[in-house]
Each structure stands twice: as structure tokens, then as C-alpha cells.
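Structure below is run-v1.txt: compact mmCIF, C-alpha atoms.
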# COMPACT_ATOMS: atom_id res chain seq x y z
CA MET K 1 33.60 28.25 97.44
CA ASN K 2 34.60 31.44 95.61
CA ASP K 3 37.51 31.85 93.19
CA GLU K 4 39.76 33.14 95.92
CA ASP K 5 39.21 30.01 98.05
CA LEU K 6 39.72 27.83 95.00
CA ASP K 7 42.99 29.64 94.25
CA LEU K 8 44.21 29.02 97.79
CA VAL K 9 43.48 25.30 97.58
CA PHE K 10 45.24 24.83 94.25
CA LYS K 11 48.12 27.08 95.26
CA SER K 12 48.57 25.07 98.46
CA LEU K 13 48.55 21.81 96.56
CA GLY K 14 51.08 23.15 94.05
CA ASP K 15 54.04 22.36 96.29
CA PRO K 16 55.56 18.92 96.92
CA THR K 17 56.40 19.60 100.57
CA ARG K 18 52.86 20.71 101.34
CA ARG K 19 51.44 17.65 99.59
CA ARG K 20 53.85 15.52 101.64
CA ILE K 21 52.64 17.18 104.85
CA LEU K 22 49.04 16.36 103.91
CA ASP K 23 50.08 12.73 103.31
CA LEU K 24 51.73 12.60 106.74
CA LEU K 25 48.61 14.02 108.39
CA LYS K 26 46.44 11.49 106.58
CA GLU K 27 48.57 8.68 108.08
CA ARG K 28 48.08 10.12 111.53
CA SER K 29 46.17 13.20 112.67
CA GLU K 30 46.77 15.54 115.61
CA ARG K 31 50.51 15.94 115.07
CA SER K 32 52.67 18.73 116.50
CA LEU K 33 55.13 20.79 114.47
CA PHE K 34 57.98 18.76 115.97
CA GLU K 35 56.32 15.47 115.06
CA ILE K 36 55.65 16.59 111.48
CA CYS K 37 59.33 17.55 111.12
CA ALA K 38 60.42 14.15 112.49
CA ALA K 39 57.94 12.27 110.32
CA SER K 40 58.99 14.18 107.22
CA PHE K 41 62.67 13.43 107.91
CA SER K 42 61.84 9.79 108.46
CA ALA K 43 59.79 9.59 105.27
CA ASP K 44 62.37 10.86 102.80
CA GLY K 45 65.57 11.55 104.75
CA LYS K 46 65.35 15.22 103.82
CA SER K 47 65.62 17.53 106.77
CA LEU K 48 63.51 20.67 106.50
CA SER K 49 63.81 23.45 109.03
CA ARG K 50 61.01 23.90 111.53
CA GLN K 51 60.54 27.39 110.19
CA THR K 52 60.01 26.09 106.66
CA ILE K 53 57.49 23.49 107.81
CA SER K 54 55.81 26.09 109.99
CA GLN K 55 55.32 28.39 106.98
CA HIS K 56 53.90 25.51 104.93
CA LEU K 57 51.49 24.72 107.77
CA ASP K 58 50.31 28.35 107.84
CA MET K 59 49.59 28.22 104.11
CA LEU K 60 47.70 24.93 104.44
CA GLU K 61 45.69 26.31 107.33
CA ARG K 62 44.75 29.43 105.34
CA ALA K 63 43.46 27.17 102.58
CA GLY K 64 41.45 25.21 105.14
CA LEU K 65 43.31 22.00 104.29
CA ILE K 66 44.41 21.50 107.86
CA THR K 67 42.82 22.34 111.16
CA THR K 68 44.58 22.92 114.47
CA SER K 69 43.61 21.89 117.96
CA TRP K 70 45.28 21.50 121.33
CA LYS K 71 46.44 18.22 122.84
CA GLY K 72 47.21 19.35 126.36
CA ARG K 73 49.50 22.37 125.94
CA THR K 74 50.72 21.27 122.52
CA LYS K 75 49.24 22.61 119.28
CA THR K 76 48.42 19.86 116.83
CA HIS K 77 47.50 19.73 113.14
CA SER K 78 45.02 17.50 111.36
CA LEU K 79 44.02 16.99 107.74
CA ASN K 80 40.77 18.52 106.51
CA ALA K 81 39.97 17.13 103.07
CA ALA K 82 36.69 19.09 102.69
CA PRO K 83 38.14 21.96 100.58
CA MET K 84 39.72 19.41 98.22
CA LYS K 85 36.36 17.71 97.80
CA ARG K 86 34.65 21.05 97.18
CA ALA K 87 37.32 22.06 94.65
CA THR K 88 36.74 18.74 92.90
CA THR K 89 32.96 19.00 92.66
CA GLN K 90 33.03 22.67 91.84
CA TRP K 91 35.71 22.78 89.17
CA LEU K 92 37.96 19.75 88.62
CA LYS K 93 35.01 17.45 87.95
CA LYS K 94 34.01 19.41 84.84
CA HIS K 95 37.14 18.11 83.18
CA LEU K 96 37.32 14.59 84.56
CA MET O 1 87.45 20.22 128.90
CA ARG O 2 84.50 17.91 129.36
CA ILE O 3 80.73 18.26 129.60
CA TYR O 4 79.93 17.18 133.15
CA VAL O 5 76.42 18.61 133.48
CA THR O 6 73.47 19.59 131.33
CA SER O 7 70.16 20.93 132.56
CA VAL O 8 66.42 21.08 132.24
CA PHE O 9 64.35 23.89 133.74
CA VAL O 10 61.80 22.38 136.10
CA ASP O 11 58.75 24.11 137.58
CA ASP O 12 59.19 22.39 140.95
CA GLN O 13 62.40 20.71 142.08
CA ALA O 14 60.78 18.32 144.56
CA LYS O 15 58.23 17.16 142.00
CA ALA O 16 60.96 16.89 139.36
CA LEU O 17 63.14 14.79 141.66
CA LYS O 18 60.28 12.36 142.12
CA PHE O 19 59.59 12.10 138.40
CA TYR O 20 63.21 11.84 137.27
CA THR O 21 64.04 9.16 139.90
CA ASP O 22 60.79 7.22 140.49
CA ALA O 23 59.50 7.26 136.90
CA LEU O 24 62.55 7.72 134.67
CA GLY O 25 64.79 5.71 137.01
CA PHE O 26 67.75 8.09 137.43
CA MET O 27 69.53 8.44 140.78
CA VAL O 28 70.54 11.51 142.76
CA LYS O 29 74.16 12.54 142.39
CA ASN O 30 74.23 15.95 144.10
CA ASP O 31 71.65 17.61 146.30
CA VAL O 32 73.09 20.76 147.85
CA PRO O 33 71.02 23.63 149.28
CA VAL O 34 71.74 26.90 147.46
CA GLY O 35 69.68 29.85 148.70
CA ASP O 36 65.98 29.14 148.16
CA HIS O 37 66.71 26.21 145.86
CA ARG O 38 69.02 23.21 145.51
CA TRP O 39 71.91 22.23 143.25
CA LEU O 40 70.11 19.05 142.36
CA THR O 41 71.56 16.64 139.82
CA VAL O 42 70.71 13.11 138.77
CA VAL O 43 72.63 10.51 136.77
CA SER O 44 71.76 7.36 134.91
CA LYS O 45 72.13 4.17 136.96
CA GLU O 46 73.69 2.66 133.85
CA GLU O 47 76.39 5.33 133.95
CA PRO O 48 76.84 6.74 137.47
CA GLY O 49 80.03 8.55 136.47
CA GLY O 50 78.42 9.98 133.34
CA THR O 51 77.06 13.44 132.55
CA GLU O 52 74.79 14.79 135.26
CA LEU O 53 71.38 16.27 134.60
CA LEU O 54 70.75 19.42 136.61
CA LEU O 55 67.11 19.93 137.62
CA GLU O 56 67.27 23.69 137.46
CA PRO O 57 64.57 25.99 138.89
CA SER O 58 62.42 27.78 136.27
CA GLU O 59 62.52 30.97 138.30
CA HIS O 60 63.93 33.46 135.78
CA PRO O 61 61.10 35.34 133.99
CA ALA O 62 62.46 34.39 130.56
CA VAL O 63 62.13 30.68 131.27
CA LYS O 64 58.36 30.24 131.27
CA PRO O 65 57.68 31.85 127.86
CA PHE O 66 60.62 29.87 126.43
CA LYS O 67 59.36 26.56 127.82
CA ASP O 68 55.75 27.27 126.83
CA ALA O 69 56.75 28.04 123.25
CA LEU O 70 58.67 24.77 122.97
CA VAL O 71 55.76 22.76 124.39
CA THR O 72 53.32 24.48 121.99
CA ASP O 73 55.33 23.24 119.01
CA GLY O 74 55.90 19.83 120.63
CA ILE O 75 59.67 20.36 120.86
CA PRO O 76 61.52 18.36 123.55
CA ALA O 77 63.75 20.16 126.07
CA THR O 78 66.24 17.30 125.94
CA SER O 79 66.65 13.71 124.85
CA PHE O 80 67.56 10.45 126.60
CA GLN O 81 68.68 7.20 125.00
CA VAL O 82 67.12 3.83 125.82
CA GLN O 83 67.93 0.29 124.72
CA ASP O 84 64.35 -0.78 124.06
CA LEU O 85 61.93 2.03 123.31
CA ASN O 86 58.79 -0.12 123.18
CA ALA O 87 59.59 -1.62 126.59
CA GLU O 88 60.24 1.82 128.15
CA PHE O 89 57.07 3.20 126.56
CA ALA O 90 55.01 0.37 128.07
CA ARG O 91 56.74 0.62 131.46
CA LEU O 92 56.32 4.41 131.72
CA ARG O 93 52.72 4.37 130.51
CA GLY O 94 52.06 1.79 133.22
CA LEU O 95 53.32 4.38 135.71
CA GLY O 96 50.85 6.93 134.34
CA VAL O 97 53.39 8.96 132.32
CA ALA O 98 51.75 10.91 129.47
CA PHE O 99 53.28 10.68 126.00
CA THR O 100 52.68 13.31 123.32
CA VAL O 101 54.30 11.12 120.65
CA ALA O 102 54.08 7.32 120.74
CA PRO O 103 57.12 5.40 119.43
CA MET O 104 57.71 6.24 115.76
CA ASP O 105 60.48 6.02 113.17
CA ALA O 106 62.65 9.10 112.71
CA GLY O 107 65.46 8.29 110.29
CA PRO O 108 68.32 6.45 112.04
CA VAL O 109 66.44 6.33 115.36
CA ARG O 110 63.07 5.49 116.80
CA MET O 111 61.66 8.11 119.11
CA ALA O 112 58.85 8.95 121.50
CA VAL O 113 58.08 12.11 123.47
CA LEU O 114 56.78 12.31 127.03
CA ASP O 115 55.65 15.03 129.44
CA ASP O 116 57.90 15.36 132.51
CA THR O 117 55.08 17.00 134.57
CA CYS O 118 57.46 19.92 135.26
CA GLY O 119 56.79 21.93 132.12
CA ASN O 120 58.95 20.03 129.62
CA LEU O 121 58.63 17.51 126.87
CA ILE O 122 61.37 14.87 126.89
CA GLN O 123 62.41 12.79 123.90
CA LEU O 124 63.39 9.14 124.25
CA ILE O 125 65.36 7.60 121.42
CA GLU O 126 66.52 4.13 120.52
CA MET O 127 69.32 3.83 117.99
CA LYS O 128 68.36 1.45 115.21
CA ARG O 129 70.80 -1.40 114.82
CA ASN O 130 72.76 -1.40 111.58
CA PRO O 131 71.39 -4.07 109.24
Give the structure from the file, written as C-alpha cells.
Amino acid sequence: MNDEDLDLVFKSLGDPTRRRILDLLKERSERSLFEICAASFSADGKSLSRQTISQHLDMLERAGLITTSWKGRTKTHSLNAAPMKRATTQWLKKHL
Amino acid sequence: MRIYVTSVFVDDQAKALKFYTDALGFMVKNDVPVGDHRWLTVVSKEEPGGTELLLEPSEHPAVKPFKDALVTDGIPATSFQVQDLNAEFARLRGLGVAFTVAPMDAGPVRMAVLDDTCGNLIQLIEMKRNP
């Protein structure tokens, strides 16, 4: 993992909504944009626009923290914790 | 002024009629030939005088990309209310209906999302009772 990848991971994690999305995908994987919006509303009563969530998902995908796949004709998102683990062993661990 | 009809675009009216009556349990209100298609509406048996649902042909070229984009993001074309979501979920699954979202909490409601086999996702909701 180079510095650029590391930056992307930490930058992605530096936002409460994106951390919340990762929590929701840990509870259940393979969720559509619509389902993530509904789950996020249900979790904290705060309604975020689909466009906002969609942008957060793009950022998380660029950092490798989520992966996408297709369930029928619907695009779904799942958590991928591997970059977090790599960021931990490669840098965070030095200070823990 | 009142809302007497709302619509979903269906890929095939005959197939849609079967799904919306046999599976969902609505009944036909109007079925009138219009050109190559039909003015085909269904209503809820619980509310025969209520708003009709028009099963509208997906013929216009703008419809398919619109429907496909909604399905890609998992967004339902419309939403129906049920008394007991878990019971409907079990009943419909027994009939072979595919769900993209199993019953889950969504704020003041519980919801699930199913595939209508005619190119749409349909949301079912149950209002939570006030504590």
C-alpha cells in the first residue's frame, strides 16, 4: 500500500457519514443505494439525499473500502475491510 | 380535484395483470382496448372505490432507461401499504416472488422491496403502531 492509497483510506474514514455507511454494510452486505439510504434514515432519523450517499459510496469505493456487485439487475455494495487492516499493519500499528 | 389513478410502466400488460392480481391480490377495475394496448387498471380489494393503479405500457423509448436506472439503484417505482409486512413477505415468497430487500426498519415504517417481473421494484410498507 503506497502513501496515496493510505491517504485515500484515512480520508475516507475522516467523515462520520462514510463511517456510518461502513457500519451499515457491516451489519448487512450486498445493499443497494436505496437500501443504504433507508437504513441510514432508520439508524439516526437523519435523511440524506441519494446523491449525497452516492458520492460517499464513490469515495469509499475508490479507497477500496467497499466493493460492488450485482444482485439481479440491482447494483449492491459490500464492506471490504482489507484496506483498513493494511493501513493498520503498515502505519497505525507503529503507534499503538 | 382528486387523484383517481396512478401508474407503473410495465414491460408486458398481460404478464403484469397476472402478477398484480394473482400475486399481489388486486382486482381489475378497467380493461378497455386502446389501439395496440389496453387501458388496464387494478384496485385494492380492501378499497374497490380507491385510487386505481394503471398498468401502463413501457413503449416510449424514454421509459426503459428510466426504469433500468431506478432498478440499478434499488429504487422502487411505487409503494403499497400492508397491515402485516411479515405475513405478506411470507405469503408472496411462497408464491415465488423475488424480494430485493427483506423486511427492515425504516424510521416510522417497516419496509420490503419486491420485483414485479415487469421491470419494476415495488416497495411494501407497514406503518408502525404508535407506542
For chain O, list the residues within 12 Å of chain K, counting all atoms listed in the file, and write the list as number ranges by chain.
O: 67-77, 98-115, 117, 119-121, 123
Could you give me, as number ranges by chain, the residues within 10 Å of K:Phe10, counting all atoms listed in the file and dropping anything in the same chain fewer than 5 positions from it?
K: 5, 15, 63, 83-84, 87
Selection file, C-alpha atoms, as a compact mmCIF listing (two decimals), in the frame of the given file:
# COMPACT_ATOMS: atom_id res chain seq x y z
CA ASP K 5 39.21 30.01 98.05
CA ASP K 15 54.04 22.36 96.29
CA ALA K 63 43.46 27.17 102.58
CA PRO K 83 38.14 21.96 100.58
CA MET K 84 39.72 19.41 98.22
CA ALA K 87 37.32 22.06 94.65
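Atom CA of O:Phe80 to atom CA of O:Glu56 spans 17.1 Å [interatomic distance, one decimal].
The interatomic distance for the pair atom CA of O:Ser7 and atom CA of O:Leu55 works out to 6.0 Å.
For the pair atom CA of O:Arg93 and atom CA of K:Thr67, the separation is 28.2 Å.
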Could you add N, CA and C atoms to stretch 5-35 of chain K and give me the result as an mmCIF file, keeping the file's coordinate frame?
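Okay, this is what ended up in out17.cif:
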data_model
loop_
_atom_site.group_PDB
_atom_site.id
_atom_site.type_symbol
_atom_site.label_atom_id
_atom_site.label_comp_id
_atom_site.auth_asym_id
_atom_site.auth_seq_id
_atom_site.Cartn_x
_atom_site.Cartn_y
_atom_site.Cartn_z
ATOM 1 N N ASP K 5 39.027 31.244 97.277
ATOM 2 C CA ASP K 5 39.210 30.010 98.050
ATOM 3 C C ASP K 5 39.786 28.896 97.173
ATOM 4 N N LEU K 6 39.252 28.840 95.955
ATOM 5 C CA LEU K 6 39.720 27.830 95.000
ATOM 6 C C LEU K 6 41.211 28.040 94.695
ATOM 7 N N ASP K 7 41.579 29.301 94.491
ATOM 8 C CA ASP K 7 42.990 29.640 94.250
ATOM 9 C C ASP K 7 43.872 29.140 95.385
ATOM 10 N N LEU K 8 43.412 29.401 96.614
ATOM 11 C CA LEU K 8 44.210 29.020 97.790
ATOM 12 C C LEU K 8 44.428 27.512 97.857
ATOM 13 N N VAL K 9 43.367 26.761 97.547
ATOM 14 C CA VAL K 9 43.480 25.300 97.580
ATOM 15 C C VAL K 9 44.501 24.824 96.541
ATOM 16 N N PHE K 10 44.337 25.289 95.309
ATOM 17 C CA PHE K 10 45.240 24.830 94.250
ATOM 18 C C PHE K 10 46.668 25.324 94.476
ATOM 19 N N LYS K 11 46.784 26.535 94.984
ATOM 20 C CA LYS K 11 48.120 27.080 95.260
ATOM 21 C C LYS K 11 48.794 26.243 96.366
ATOM 22 N N SER K 12 48.020 25.889 97.368
ATOM 23 C CA SER K 12 48.570 25.070 98.460
ATOM 24 C C SER K 12 49.020 23.711 97.959
ATOM 25 N N LEU K 13 48.233 23.152 97.052
ATOM 26 C CA LEU K 13 48.550 21.810 96.560
ATOM 27 C C LEU K 13 49.703 21.830 95.554
ATOM 28 N N GLY K 14 50.039 23.020 95.070
ATOM 29 C CA GLY K 14 51.080 23.150 94.050
ATOM 30 C C GLY K 14 52.486 23.180 94.629
ATOM 31 N N ASP K 15 52.715 22.406 95.675
ATOM 32 C CA ASP K 15 54.040 22.360 96.290
ATOM 33 C C ASP K 15 54.254 20.962 96.878
ATOM 34 N N PRO K 16 55.377 20.312 96.496
ATOM 35 C CA PRO K 16 55.560 18.920 96.920
ATOM 36 C C PRO K 16 55.656 18.757 98.444
ATOM 37 N N THR K 17 56.283 19.721 99.115
ATOM 38 C CA THR K 17 56.400 19.600 100.570
ATOM 39 C C THR K 17 55.034 19.677 101.237
ATOM 40 N N ARG K 18 54.195 20.593 100.737
ATOM 41 C CA ARG K 18 52.860 20.710 101.340
ATOM 42 C C ARG K 18 52.023 19.461 101.053
ATOM 43 N N ARG K 19 52.171 18.896 99.864
ATOM 44 C CA ARG K 19 51.440 17.650 99.590
ATOM 45 C C ARG K 19 51.933 16.534 100.500
ATOM 46 N N ARG K 20 53.257 16.524 100.747
ATOM 47 C CA ARG K 20 53.850 15.520 101.640
ATOM 48 C C ARG K 20 53.304 15.684 103.069
ATOM 49 N N ILE K 21 53.180 16.921 103.505
ATOM 50 C CA ILE K 21 52.640 17.180 104.850
ATOM 51 C C ILE K 21 51.206 16.644 104.946
ATOM 52 N N LEU K 22 50.420 16.875 103.895
ATOM 53 C CA LEU K 22 49.040 16.360 103.910
ATOM 54 C C LEU K 22 49.033 14.836 103.973
ATOM 55 N N ASP K 23 49.981 14.202 103.253
ATOM 56 C CA ASP K 23 50.080 12.730 103.310
ATOM 57 C C ASP K 23 50.396 12.265 104.733
ATOM 58 N N LEU K 24 51.343 12.975 105.369
ATOM 59 C CA LEU K 24 51.730 12.600 106.740
ATOM 60 C C LEU K 24 50.571 12.755 107.716
ATOM 61 N N LEU K 25 49.747 13.793 107.485
ATOM 62 C CA LEU K 25 48.610 14.020 108.390
ATOM 63 C C LEU K 25 47.465 13.062 108.100
ATOM 64 N N LYS K 26 47.457 12.517 106.870
ATOM 65 C CA LYS K 26 46.440 11.490 106.580
ATOM 66 C C LYS K 26 46.791 10.197 107.306
ATOM 67 N N GLU K 27 48.114 9.893 107.349
ATOM 68 C CA GLU K 27 48.570 8.680 108.080
ATOM 69 C C GLU K 27 48.196 8.776 109.550
ATOM 70 N N ARG K 28 48.443 9.921 110.130
ATOM 71 C CA ARG K 28 48.080 10.120 111.530
ATOM 72 C C ARG K 28 47.722 11.591 111.754
ATOM 73 N N SER K 29 46.593 11.822 112.423
ATOM 74 C CA SER K 29 46.170 13.200 112.670
ATOM 75 C C SER K 29 46.703 13.689 114.014
ATOM 76 N N GLU K 30 46.383 14.915 114.342
ATOM 77 C CA GLU K 30 46.770 15.540 115.610
ATOM 78 C C GLU K 30 48.276 15.450 115.869
ATOM 79 N N ARG K 31 49.062 15.983 114.922
ATOM 80 C CA ARG K 31 50.510 15.940 115.070
ATOM 81 C C ARG K 31 51.063 17.355 115.292
ATOM 82 N N SER K 32 52.040 17.431 116.200
ATOM 83 C CA SER K 32 52.670 18.730 116.500
ATOM 84 C C SER K 32 53.655 19.092 115.392
ATOM 85 N N LEU K 33 54.098 20.339 115.415
ATOM 86 C CA LEU K 33 55.130 20.790 114.470
ATOM 87 C C LEU K 33 56.349 19.878 114.550
ATOM 88 N N PHE K 34 56.795 19.609 115.770
ATOM 89 C CA PHE K 34 57.980 18.760 115.970
ATOM 90 C C PHE K 34 57.777 17.379 115.351
ATOM 91 N N GLU K 35 56.591 16.814 115.565
ATOM 92 C CA GLU K 35 56.320 15.470 115.060
ATOM 93 C C GLU K 35 56.264 15.457 113.531
#
